[in-house]
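Q: Dropping in work_12.csv, with CSV, C-alpha atoms and all ligand atoms.
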chain,number,residue,atom,x,y,z
X,1,MET,CA,0.0,5.4,-26.9
X,2,PRO,CA,-3.1,7.5,-27.5
X,3,ASN,CA,-6.6,6.6,-26.5
X,4,THR,CA,-5.6,4.8,-23.3
X,5,ARG,CA,-8.9,4.1,-21.5
X,6,ALA,CA,-9.2,5.1,-17.8
X,7,TYR,CA,-11.5,6.3,-15.0
X,8,ALA,CA,-10.9,9.7,-13.5
X,9,ALA,CA,-12.3,12.0,-10.8
X,10,ALA,CA,-13.0,15.3,-12.7
X,11,GLU,CA,-12.7,17.3,-9.5
X,12,ALA,CA,-12.2,16.7,-5.8
X,13,LYS,CA,-14.9,14.4,-4.3
X,14,ALA,CA,-16.4,13.8,-7.8
X,15,PRO,CA,-17.4,10.2,-8.7
X,16,LEU,CA,-15.0,8.5,-11.0
X,17,THR,CA,-16.1,8.5,-14.7
X,18,PRO,CA,-14.7,7.3,-18.0
X,19,PHE,CA,-11.7,9.3,-19.3
X,20,THR,CA,-9.3,8.9,-22.2
X,21,LEU,CA,-5.6,9.8,-22.0
X,22,ASP,CA,-2.4,9.6,-24.0
X,23,ARG,CA,0.6,7.6,-22.6
X,24,ARG,CA,4.1,8.3,-24.1
X,25,GLU,CA,5.4,5.9,-26.7
X,26,PRO,CA,8.0,3.7,-25.0
X,27,GLY,CA,11.5,5.2,-25.0
X,28,GLU,CA,14.6,3.1,-25.1
X,29,PHE,CA,14.6,2.4,-21.3
X,30,ASP,CA,10.8,2.0,-21.0
X,31,VAL,CA,8.5,-0.9,-20.5
X,32,ALA,CA,4.9,-0.8,-21.9
X,33,ILE,CA,2.5,-2.7,-19.8
X,34,ASP,CA,-1.1,-4.0,-20.4
X,35,ILE,CA,-2.7,-3.4,-17.1
X,36,LYS,CA,-4.7,-6.4,-16.0
X,37,PHE,CA,-5.6,-5.5,-12.4
X,38,CYS,CA,-5.3,-2.5,-10.1
X,39,GLY,CA,-6.0,-2.5,-6.4
X,40,ILE,CA,-8.0,0.2,-4.6
X,41,CYS,CA,-5.9,1.7,-1.8
X,42,HIS,CA,-7.4,3.9,0.9
X,43,THR,CA,-4.9,6.5,-0.3
X,44,ASP,CA,-6.9,6.7,-3.6
X,45,LEU,CA,-9.9,7.8,-1.5
X,46,HIS,CA,-7.8,10.4,0.3
X,47,GLN,CA,-6.4,11.7,-3.0
X,48,THR,CA,-9.6,11.9,-5.0
X,49,ALA,CA,-11.2,13.7,-2.1
X,50,ASN,CA,-8.1,16.0,-2.0
X,51,ASP,CA,-7.8,15.4,1.7
X,52,TRP,CA,-4.2,16.3,1.6
X,53,GLY,CA,-4.5,19.3,-0.8
X,54,GLY,CA,-2.4,19.8,-3.9
X,55,GLY,CA,-4.6,17.5,-6.1
X,56,THR,CA,-4.5,18.0,-9.8
X,57,PHE,CA,-7.7,17.1,-11.6
X,58,PRO,CA,-8.9,15.2,-13.6
X,59,MET,CA,-7.1,12.6,-11.5
X,60,VAL,CA,-6.6,8.9,-12.5
X,61,PRO,CA,-5.8,7.0,-9.3
X,62,GLY,CA,-4.2,3.6,-8.9
X,63,HIS,CA,-0.8,2.5,-7.6
X,64,GLU,CA,-1.3,-1.2,-7.2
X,65,ILE,CA,-0.8,-2.2,-10.8
X,66,ALA,CA,-0.3,-5.8,-12.1
X,67,GLY,CA,0.0,-6.6,-15.8
X,68,VAL,CA,1.8,-8.1,-18.7
X,69,VAL,CA,4.7,-6.5,-20.7
X,70,SER,CA,3.5,-5.6,-24.2
X,71,ALA,CA,6.6,-3.9,-25.5
X,72,VAL,CA,10.1,-2.9,-24.3
X,73,GLY,CA,12.5,-0.2,-25.4
X,74,GLY,CA,15.8,-1.1,-27.2
X,75,LYS,CA,17.9,-0.7,-24.1
X,76,VAL,CA,15.7,-2.5,-21.6
X,77,THR,CA,17.6,-5.5,-20.1
X,78,ARG,CA,15.5,-6.8,-17.3
X,79,PHE,CA,12.1,-7.4,-18.9
X,80,GLN,CA,10.6,-9.1,-21.9
X,81,VAL,CA,7.3,-9.2,-23.7
X,82,GLY,CA,4.8,-11.4,-21.9
X,83,GLN,CA,6.4,-11.2,-18.5
X,84,HIS,CA,4.2,-10.5,-15.4
X,85,VAL,CA,5.1,-7.2,-13.9
X,86,GLY,CA,3.9,-4.7,-11.3
X,87,VAL,CA,4.1,-0.9,-10.7
X,88,GLY,CA,3.7,0.5,-7.2
X,89,CYS,CA,3.6,4.1,-6.0
X,90,LEU,CA,6.8,5.3,-7.7
X,91,VAL,CA,7.6,5.7,-11.4
X,92,ASP,CA,10.7,7.8,-11.0
X,93,SER,CA,13.0,9.6,-8.6
X,94,CYS,CA,16.1,11.7,-8.9
X,95,ARG,CA,18.4,8.6,-8.8
X,96,THR,CA,21.4,10.7,-7.4
X,97,CYS,CA,20.5,11.8,-3.8
X,98,VAL,CA,21.8,9.9,-0.8
X,99,GLU,CA,18.4,8.2,-0.3
X,100,CYS,CA,18.1,7.1,-4.0
X,101,ARG,CA,21.6,5.7,-3.9
X,102,LYS,CA,20.7,3.6,-0.8
X,103,GLY,CA,17.6,2.2,-2.5
X,104,LEU,CA,15.3,4.4,-0.4
X,105,GLU,CA,13.7,6.1,-3.5
X,106,GLN,CA,10.5,6.7,-1.5
X,107,TYR,CA,12.4,9.2,0.6
X,108,CYS,CA,14.1,10.9,-2.4
X,109,ALA,CA,15.4,14.3,-1.5
X,110,GLY,CA,15.2,15.4,-5.1
X,111,GLN,CA,12.3,15.0,-7.5
X,112,VAL,CA,10.3,11.9,-6.8
X,113,VAL,CA,7.5,11.0,-9.3
X,114,PHE,CA,4.6,9.2,-7.9
X,115,THR,CA,2.5,7.0,-10.1
X,116,TYR,CA,-0.4,9.4,-10.1
X,117,ASN,CA,-1.1,13.0,-9.1
X,118,SER,CA,2.6,13.9,-9.4
X,119,MET,CA,4.4,16.2,-12.0
X,120,ASP,CA,6.2,14.1,-14.5
X,121,PRO,CA,9.1,15.8,-16.2
X,122,LYS,CA,9.2,13.1,-18.9
X,123,GLU,CA,5.5,13.7,-19.9
X,124,GLY,CA,5.4,17.4,-19.1
X,125,ARG,CA,2.2,16.8,-17.2
X,126,VAL,CA,0.7,15.2,-14.2
X,127,THR,CA,1.0,11.4,-13.9
X,128,TYR,CA,-2.1,9.2,-14.4
X,129,GLY,CA,-2.3,5.9,-12.4
X,130,GLY,CA,-3.5,2.4,-12.8
X,131,TYR,CA,-7.3,2.7,-13.2
X,132,SER,CA,-6.5,2.4,-16.9
X,133,ASN,CA,-5.6,-0.3,-19.4
X,134,LYS,CA,-2.0,0.6,-20.3
X,135,ILE,CA,1.0,2.3,-18.7
X,136,VAL,CA,4.6,3.1,-19.8
X,137,VAL,CA,7.3,3.1,-17.0
X,138,ASP,CA,11.1,3.3,-16.9
X,139,GLU,CA,12.4,-0.2,-16.3
X,140,ASN,CA,14.1,0.8,-13.1
X,141,TYR,CA,10.7,1.4,-11.5
X,142,VAL,CA,9.0,-1.8,-12.8
X,143,LEU,CA,8.8,-4.9,-10.6
X,144,SER,CA,8.8,-8.5,-11.6
X,145,ILE,CA,5.9,-10.5,-10.2
X,146,PRO,CA,6.7,-14.2,-9.5
X,147,GLU,CA,4.9,-16.4,-12.0
X,148,ASN,CA,3.4,-18.6,-9.3
X,149,LEU,CA,1.3,-15.7,-8.0
X,150,PRO,CA,-2.1,-14.8,-9.6
X,151,LEU,CA,-2.0,-11.3,-11.0
X,152,ASP,CA,-5.2,-10.1,-9.3
X,153,GLY,CA,-4.2,-11.1,-5.8
X,154,ALA,CA,-0.6,-9.9,-6.4
X,155,ALA,CA,-1.7,-6.3,-7.4
X,156,PRO,CA,-2.2,-5.1,-3.8
X,157,LEU,CA,1.3,-6.3,-2.8
X,158,LEU,CA,2.6,-3.2,-4.8
X,159,CYS,CA,1.4,-0.8,-2.1
X,160,ALA,CA,-0.4,-2.6,0.8
X,161,GLY,CA,2.2,-5.4,0.8
X,162,ILE,CA,5.4,-3.3,0.7
X,163,THR,CA,4.0,-0.7,3.1
X,164,LEU,CA,3.8,-3.4,5.8
X,165,TYR,CA,6.8,-5.4,4.7
X,166,SER,CA,9.2,-2.5,5.0
X,167,PRO,CA,8.5,-1.6,8.7
X,168,LEU,CA,8.3,-5.2,9.6
X,169,ARG,CA,11.8,-5.8,8.2
X,170,HIS,CA,13.2,-2.5,9.5
X,171,TRP,CA,12.0,-3.1,13.1
X,172,GLY,CA,13.1,-6.8,13.0
X,173,ALA,CA,9.8,-8.7,13.0
X,174,GLY,CA,10.6,-12.4,13.3
X,175,PRO,CA,10.8,-15.4,15.6
X,176,GLY,CA,10.6,-14.4,19.3
X,177,LYS,CA,9.1,-10.9,18.4
X,178,LYS,CA,5.5,-9.8,19.3
X,179,VAL,CA,3.9,-7.7,16.6
X,180,ALA,CA,0.5,-6.0,16.7
X,181,ILE,CA,-1.3,-4.7,13.7
X,182,ILE,CA,-4.0,-2.0,14.3
X,183,GLY,CA,-6.8,-2.1,11.7
X,184,LEU,CA,-7.6,-5.2,9.7
X,185,GLY,CA,-8.1,-3.6,6.3
X,186,GLY,CA,-6.1,-3.7,3.0
X,187,LEU,CA,-2.8,-2.8,4.7
X,188,GLY,CA,-3.5,-4.6,8.0
X,189,HIS,CA,-4.4,-8.0,6.5
X,190,MET,CA,-1.1,-7.9,4.5
X,191,GLY,CA,0.7,-7.1,7.8
X,192,VAL,CA,-0.8,-10.1,9.5
X,193,LYS,CA,0.1,-12.5,6.6
X,194,LEU,CA,3.7,-11.1,6.3
X,195,ALA,CA,4.5,-10.9,10.0
X,196,HIS,CA,3.2,-14.4,10.4
X,197,ALA,CA,5.4,-15.7,7.5
X,198,MET,CA,8.4,-13.9,9.1
X,199,GLY,CA,7.8,-16.0,12.2
X,200,ALA,CA,6.5,-13.3,14.6
X,201,GLU,CA,3.7,-13.8,17.1
X,202,VAL,CA,0.9,-11.6,15.6
X,203,THR,CA,-1.9,-9.8,17.4
X,204,VAL,CA,-4.7,-7.9,15.6
X,205,LEU,CA,-6.1,-4.8,17.3
X,206,SER,CA,-9.5,-4.2,15.5
X,207,GLN,CA,-12.3,-1.9,16.4
X,208,SER,CA,-14.6,-4.9,17.1
X,209,LEU,CA,-14.4,-8.7,17.2
X,210,ASN,CA,-16.3,-9.0,13.9
X,211,LYS,CA,-13.3,-10.0,11.9
X,212,GLN,CA,-11.8,-12.4,14.5
X,213,LYS,CA,-12.3,-15.6,12.4
X,214,ASP,CA,-10.6,-13.9,9.5
X,215,GLY,CA,-7.7,-12.8,11.7
X,216,ALA,CA,-7.0,-16.5,12.6
X,217,ARG,CA,-7.3,-17.6,9.0
X,218,LEU,CA,-4.9,-14.8,7.9
X,219,GLY,CA,-2.3,-16.0,10.5
X,220,ALA,CA,-3.0,-13.9,13.6
X,221,ASP,CA,-2.3,-15.7,17.0
X,222,HIS,CA,-4.5,-13.3,19.0
X,223,PHE,CA,-7.3,-10.8,18.3
X,224,TYR,CA,-8.5,-8.0,20.5
X,225,ALA,CA,-11.1,-5.2,20.1
X,226,THR,CA,-9.9,-1.6,20.7
X,227,SER,CA,-13.5,-0.7,21.7
X,228,ASP,CA,-13.0,-2.9,24.9
X,229,PRO,CA,-11.0,-0.9,27.5
X,230,ASP,CA,-9.8,-4.2,29.0
X,231,THR,CA,-7.7,-4.7,25.9
X,232,PHE,CA,-5.4,-2.0,27.0
X,233,THR,CA,-4.9,-3.4,30.5
X,234,LYS,CA,-4.5,-7.0,29.4
X,235,LEU,CA,-1.9,-6.2,26.8
X,236,ALA,CA,0.1,-3.5,28.5
X,237,GLY,CA,3.8,-3.5,27.9
X,238,GLN,CA,3.7,-6.6,25.5
X,239,PHE,CA,4.7,-5.6,22.0
X,240,ASP,CA,8.1,-5.1,20.3
X,241,LEU,CA,6.4,-3.6,17.3
X,242,ILE,CA,2.9,-2.1,16.7
X,243,VAL,CA,2.0,-1.0,13.1
X,244,ASN,CA,-0.9,1.4,13.0
X,245,THR,CA,-2.8,1.3,9.7
X,246,VAL,CA,-5.8,3.3,10.7
X,247,PRO,CA,-6.7,6.1,8.3
X,248,ALA,CA,-7.9,8.4,11.1
X,249,ALA,CA,-6.7,10.1,14.2
X,250,SER,CA,-6.8,7.8,17.3
X,251,ASN,CA,-5.5,7.6,20.8
X,252,TRP,CA,-1.8,6.8,20.3
X,253,ASP,CA,-1.1,7.0,24.0
X,254,GLN,CA,-3.2,3.9,24.5
X,255,PHE,CA,-1.1,2.0,22.0
X,256,ILE,CA,2.2,3.3,23.3
X,257,GLY,CA,1.2,1.8,26.6
X,258,LEU,CA,1.1,-1.6,24.9
X,259,LEU,CA,4.8,-1.4,23.9
X,260,ALA,CA,7.5,-3.3,25.7
X,261,THR,CA,10.8,-1.6,26.6
X,262,ASN,CA,12.4,-0.5,23.4
X,263,GLY,CA,9.2,-1.1,21.5
X,264,ALA,CA,8.1,1.0,18.5
X,265,LEU,CA,4.8,2.3,17.4
X,266,VAL,CA,5.0,2.7,13.6
X,267,VAL,CA,2.4,4.8,11.9
X,268,VAL,CA,1.5,4.0,8.3
X,269,GLY,CA,-2.2,5.0,8.2
X,270,VAL,CA,-2.6,8.7,7.6
X,271,PRO,CA,-4.4,10.4,10.5
X,272,ASP,CA,-7.0,13.0,9.5
X,273,ASP,CA,-6.0,15.3,12.4
X,274,ALA,CA,-3.1,16.0,14.7
X,275,VAL,CA,-2.5,13.5,17.4
X,276,ALA,CA,-1.2,14.5,20.9
X,277,ILE,CA,1.1,12.1,22.7
X,278,ASN,CA,2.6,12.2,26.2
X,279,GLY,CA,6.4,12.1,26.7
X,280,PHE,CA,6.4,10.1,29.9
X,281,PRO,CA,5.3,6.7,28.6
X,282,LEU,CA,8.0,7.0,26.0
X,283,ILE,CA,10.8,8.0,28.4
X,284,ILE,CA,10.2,5.3,31.0
X,285,LYS,CA,10.6,2.4,28.6
X,286,ARG,CA,12.7,3.9,25.8
X,287,ARG,CA,9.8,3.5,23.4
X,288,THR,CA,9.7,5.0,19.9
X,289,VAL,CA,7.0,6.5,17.7
X,290,ALA,CA,7.9,6.5,14.0
X,291,GLY,CA,6.4,6.6,10.6
X,292,SER,CA,7.1,4.7,7.4
X,293,LEU,CA,6.3,5.3,3.7
X,294,ILE,CA,5.9,2.3,1.3
X,295,GLY,CA,9.4,0.9,0.4
X,296,GLY,CA,12.2,1.4,-2.1
X,297,ILE,CA,12.3,-0.4,-5.4
X,298,ALA,CA,14.8,-3.1,-4.4
X,299,GLU,CA,12.9,-3.8,-1.2
X,300,THR,CA,9.6,-4.0,-3.1
X,301,GLN,CA,11.2,-6.7,-5.3
X,302,GLU,CA,12.5,-8.5,-2.2
X,303,MET,CA,8.9,-8.4,-0.8
X,304,LEU,CA,7.5,-9.8,-4.1
X,305,ASP,CA,10.1,-12.6,-4.1
X,306,PHE,CA,9.3,-13.3,-0.4
X,307,CYS,CA,5.6,-13.5,-1.3
X,308,GLY,CA,6.4,-15.8,-4.2
X,309,LYS,CA,8.3,-18.1,-1.9
X,310,HIS,CA,5.6,-18.2,0.8
X,311,ASN,CA,2.7,-18.1,-1.7
X,312,ILE,CA,1.3,-14.9,-0.2
X,313,VAL,CA,-1.2,-12.7,-2.0
X,314,SER,CA,-4.0,-10.4,-0.9
X,315,ASP,CA,-7.5,-11.5,-0.1
X,316,ILE,CA,-9.5,-9.7,-2.8
X,317,GLU,CA,-12.9,-8.9,-4.2
X,318,VAL,CA,-12.5,-8.3,-7.9
X,319,ILE,CA,-14.8,-5.7,-9.4
X,320,PRO,CA,-15.4,-4.3,-12.9
X,321,MET,CA,-14.2,-0.7,-13.3
X,322,GLN,CA,-17.9,0.4,-13.6
X,323,GLN,CA,-18.4,-0.5,-9.8
X,324,VAL,CA,-15.5,1.6,-8.6
X,325,ASN,CA,-17.7,4.3,-6.9
X,326,GLU,CA,-19.6,1.7,-4.9
X,327,ALA,CA,-16.3,0.1,-3.9
X,328,TYR,CA,-15.1,3.5,-2.6
X,329,LYS,CA,-18.2,3.8,-0.4
X,330,ARG,CA,-17.6,0.4,1.0
X,331,VAL,CA,-13.9,1.1,1.7
X,332,SER,CA,-14.8,4.3,3.6
X,333,LYS,CA,-17.1,2.2,5.8
X,334,SER,CA,-14.3,-0.4,6.5
X,335,ASP,CA,-16.6,-2.9,4.6
X,336,VAL,CA,-13.9,-4.7,2.5
X,337,ARG,CA,-12.5,-8.2,2.9
X,338,TYR,CA,-9.7,-7.2,2.3
X,339,ARG,CA,-8.9,-5.4,-0.9
X,340,PHE,CA,-11.0,-4.4,-3.9
X,341,VAL,CA,-9.1,-5.1,-7.1
X,342,ILE,CA,-10.3,-3.6,-10.4
X,343,ASP,CA,-10.4,-5.9,-13.5
X,344,CYS,CA,-9.0,-3.4,-15.9
X,345,GLY,CA,-10.0,-5.6,-18.8
X,346,THR,CA,-13.6,-4.3,-18.2
X,347,LEU,CA,-12.6,-0.8,-19.3
A,1,LIG,P1,-8.5,0.3,4.7
A,1,LIG,O1,-8.5,-0.9,3.8
A,1,LIG,O2,-9.7,1.2,4.6
A,1,LIG,O3,-8.3,-0.3,6.1
A,1,LIG,C1,-8.2,0.6,7.2
A,1,LIG,C2,-8.7,-0.2,8.5
A,1,LIG,O4,-8.5,0.7,9.6
A,1,LIG,C3,-10.1,-0.6,8.4
A,1,LIG,O5,-10.4,-1.8,7.8
A,1,LIG,C4,-10.5,-0.6,9.9
A,1,LIG,O6,-10.1,-1.9,10.5
A,1,LIG,C5,-9.6,0.5,10.5
A,1,LIG,N1,-10.3,1.8,10.6
A,1,LIG,C6,-10.9,2.5,9.6
A,1,LIG,N2,-11.4,3.6,10.1
A,1,LIG,C7,-11.2,3.7,11.4
A,1,LIG,C8,-11.4,4.6,12.4
A,1,LIG,N3,-12.1,5.8,12.2
A,1,LIG,N4,-11.0,4.3,13.7
A,1,LIG,C9,-10.3,3.2,13.9
A,1,LIG,N5,-10.0,2.3,13.0
A,1,LIG,C10,-10.5,2.5,11.7
A,1,LIG,O7,-7.3,1.2,4.3
A,1,LIG,P2,-5.9,0.9,3.8
A,1,LIG,O8,-5.9,0.9,2.3
A,1,LIG,O9,-5.3,-0.3,4.6
A,1,LIG,O10,-5.1,2.2,4.2
A,1,LIG,C11,-5.0,2.6,5.5
A,1,LIG,C12,-4.2,4.0,5.6
A,1,LIG,O11,-2.9,3.8,5.3
A,1,LIG,C13,-4.8,5.1,4.8
A,1,LIG,O12,-4.7,6.3,5.5
A,1,LIG,C14,-3.8,5.1,3.6
A,1,LIG,O13,-3.7,6.4,3.0
A,1,LIG,C15,-2.5,4.8,4.3
A,1,LIG,N6,-1.4,4.3,3.5
A,1,LIG,C16,-0.2,4.6,3.9
A,1,LIG,C17,0.9,4.2,3.2
A,1,LIG,C18,2.3,4.5,3.6
A,1,LIG,O14,3.2,4.3,2.8
A,1,LIG,N7,2.5,4.9,4.8
A,1,LIG,C19,0.7,3.3,2.1
A,1,LIG,C20,-0.6,3.0,1.7
A,1,LIG,C21,-1.7,3.5,2.5
A,1,LIG,P3,-10.9,-2.6,11.6
A,1,LIG,O15,-12.3,-2.8,11.1
A,1,LIG,O16,-10.1,-3.9,11.8
A,1,LIG,O17,-10.8,-1.7,12.8
A,2,ZN,ZN,-1.5,2.8,-1.5
A,3,ZN,ZN,16.6,10.9,-5.0
As structure tokens, how would this structure be written, given the file I've shared?

A:
Amino acid sequence: MPNTRAYAAAEAKAPLTPFTLDRREPGEFDVAIDIKFCGICHTDLHQTANDWGGGTFPMVPGHEIAGVVSAVGGKVTRFQVGQHVGVGCLVDSCRTCVECRKGLEQYCAGQVVFTYNSMDPKEGRVTYGGYSNKIVVDENYVLSIPENLPLDGAAPLLCAGITLYSPLRHWGAGPGKKVAIIGLGGLGHMGVKLAHAMGAEVTVLSQSLNKQKDGARLGADHFYATSDPDTFTKLAGQFDLIVNTVPAASNWDQFIGLLATNGALVVVGVPDDAVAINGFPLIIKRRTVAGSLIGGIAETQEMLDFCGKHNIVSDIEVIPMQQVNEAYKRVSKSDVRYRFVIDCGTL
């Protein structure tokens, strides 16, 4: 599929500019998708800035893809033309390792192929993501989007949604559990909606009280500012689960102090520096500090079906592709309510 239109960063930290690429013609197990919308994840900012190293440029970001099937290969069984589908952070994995066989493809011990900036053996080149108007993906890595959900609001579920759903499920968020979400951004606001729908008591820990009204509307029961030292005395020892979505290093010891006995602090936001933690507060209450990466394919489908059932989508601001660089600046200043979504029809 030559002449696919896209936006790319030509080099690290460069603004995104128009770019043309070739997608493969759909093979027998492939699904060709007309991309309608793609969310802007904070990871796209980290990657185009090459914060984590190993970036291949030009880079076409985007792993919150929602669109419509335009063609299917002869052996595709699960999708048909016209269906609403999504693609998240993964487009392939080894399929044979222990993790893949358990549906934990995101932790694949073999070769995992991320949706962008990842070597793709099928294409013989780096993968290009969803800031484009078409993509071709093996059916095993394509998700079905419930027809009652709007495609623009559903796009961020493919990363922000699953990244919060997976730890909330793994650590048992539900009735009788107290869950706190640190950072009310793209990931955080999905965490509030999902934890609330699961029946947990939800607290937002935000830098200030500026977003307090939104927190209540999204489903939070309580809202506290981390800039207020009283927060850490008032809430000491309360939470069964705290999910940290902050894309920067912060004082994890303060948050560990808020955990109940057996509580877990789960890190999903990527700190920009090493974080020191003390052992004693962990030991005296059998607390855990853990990390979590997106979710597997089956769990992502489970999350989408859960969102379909509960009518959950992301709160979004839709922008034309031409405004992507301004949107990046606003995301870096935490000035987003709560996810930018690119209208890929504007390409
Ligand atoms: P985002 O929309 O920018 O939201 C991050 C929120 O964190 C902000 O809205 C802000 O909330 C708070 N925050 C930002 N800078 C902060 C700072 N310096 N100190 C304290 N709080 C700060 O970002 P996102 O898209 O949700 O992504 C968040 C992080 O998760 C990124 O590092 C991203 O790479 C990572 N991520 C991880 C996974 C995974 O699988 N683990 C998946 C996707 C993304 P308040 O204003 O409420 O404080
Ligand atoms: Zn993401
Ligand atoms: Zn594998």

Q: Ranking X:Val318, X:Ala264, X:Ile242, X:Leu205 by minimum distance to ligand LIG 1 (chain A) and counting all atoms listed in the file, which one comes first?

A: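 Of X:Val318, X:Ala264, X:Ile242, X:Leu205, the one nearest ligand LIG 1 (chain A), counting all atoms listed in the file, is X:Leu205.
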
Q: Report as a list in words all protein, DNA and RNA residues lying within 8 Å of Ala6 of chain X, evaluated on only C-alpha atoms, omitting residues in the same chain fewer than 3 positions from it.

A: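 With the cut-off at 8 Å, the set is Pro18, Phe19, Thr20, Leu21, Val60, Tyr131, Ser132, Asn133 and Leu347 of chain X.
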
Q: Around ligand LIG 1 (chain A), which protein and nucleic acid residues have at least one atom no more than 6 Å from it, if we count all atoms listed in the file? List them as a ChimeraX atom specification.

A: /X:41-43,159-160,163,183-188,206-207,245-248,268-270,292-294,331,334

Q: Quick one: residues within 12 Å of Lys122 of chain X, all atoms listed in the file, excluding same-chain residues fewer than 2 positions away - as a list in words?

A: Arg23, Arg24, Glu25, Pro26, Gly27, Asp30, Val91, Asp92, Ser93, Gln111, Val113, Ser118, Met119, Asp120, Gly124, Arg125, Val126, Thr127, Val136, Val137 and Asp138 of chain X

Q: Counting all atoms listed in the file, figure out which residue out of X:Gly237, X:Pro320, X:Gly215, X:Gly88 gets nearest to ligand ZN 2 (chain A).

A: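 Of X:Gly237, X:Pro320, X:Gly215, X:Gly88, the one nearest ligand ZN 2 (chain A), counting all atoms listed in the file, is X:Gly88.
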
Q: So, with all atoms listed in the file as the atoms that count, which of X:Leu157, X:Val204, X:Leu104, X:Val179 lies closest to ligand ZN 3 (chain A)?

A: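 Ranked by minimum distance to ligand ZN 3 (chain A), first place goes to X:Leu104.
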
Q: Dump the neighbourhood of ligand ZN 3 (chain A) as an MDAnalysis selection string: all residues within 10 Å, distances computed on only C-alpha atoms and all ligand atoms.

A: chainID X and resid 92:112

Q: Find, counting only C-alpha atoms and all ligand atoms, the residue in X:Tyr224, X:Arg339, X:Gly291, X:Ile256 that gets nearest to ligand ZN 2 (chain A).

A: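 Closest to ligand ZN 2 (chain A), using only C-alpha atoms and all ligand atoms: X:Arg339.
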
Q: Find the spatial neighbours of Ile35 of chain X, counting only C-alpha atoms, within a cut-off of 8 Å - ignore same-chain residues fewer than 3 positions away - and output them as a ChimeraX atom specification.

A: /X:38,65-68,130,132-135,344-345

Q: Just give me the gap between atom CA of Ser166 of chain X and atom CA of Asn262 of chain X in Å, one decimal is fine.

A: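 Interatomic distance here is 18.8 Å.
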
Q: Tell me which of X:Val85, X:Ile33, X:Leu158, X:Leu16 sits closest to ligand ZN 2 (chain A), counting only C-alpha atoms and all ligand atoms.

A: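 For ligand ZN 2 (chain A), the nearest of the candidates is X:Leu158.
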
Q: Residues proximal to (1.3, -1.8, -24.5) were defined as those with any atom within 7 Å of that point in the file's coordinates, counting all atoms listed in the file. Which are they, as a PDB file with C-alpha atoms, keeping the file's coordinate frame?

A:
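The resulting point_4.pdb:
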ATOM      1  CA  ALA X  32       4.900  -0.800 -21.900  1.00  0.00           C
ATOM      2  CA  ILE X  33       2.500  -2.700 -19.800  1.00  0.00           C
ATOM      3  CA  ASP X  34      -1.100  -4.000 -20.400  1.00  0.00           C
ATOM      4  CA  VAL X  69       4.700  -6.500 -20.700  1.00  0.00           C
ATOM      5  CA  SER X  70       3.500  -5.600 -24.200  1.00  0.00           C
ATOM      6  CA  ALA X  71       6.600  -3.900 -25.500  1.00  0.00           C
ATOM      7  CA  LYS X 134      -2.000   0.600 -20.300  1.00  0.00           C
TER       8      LYS X 134
END

Q: Rank X:Ala298, X:Gln254, X:Arg217, X:Val336 by their smallest atom-to-atom distance to Thr233 of chain X, using only C-alpha atoms, and report the top residue only.

A: X:Gln254
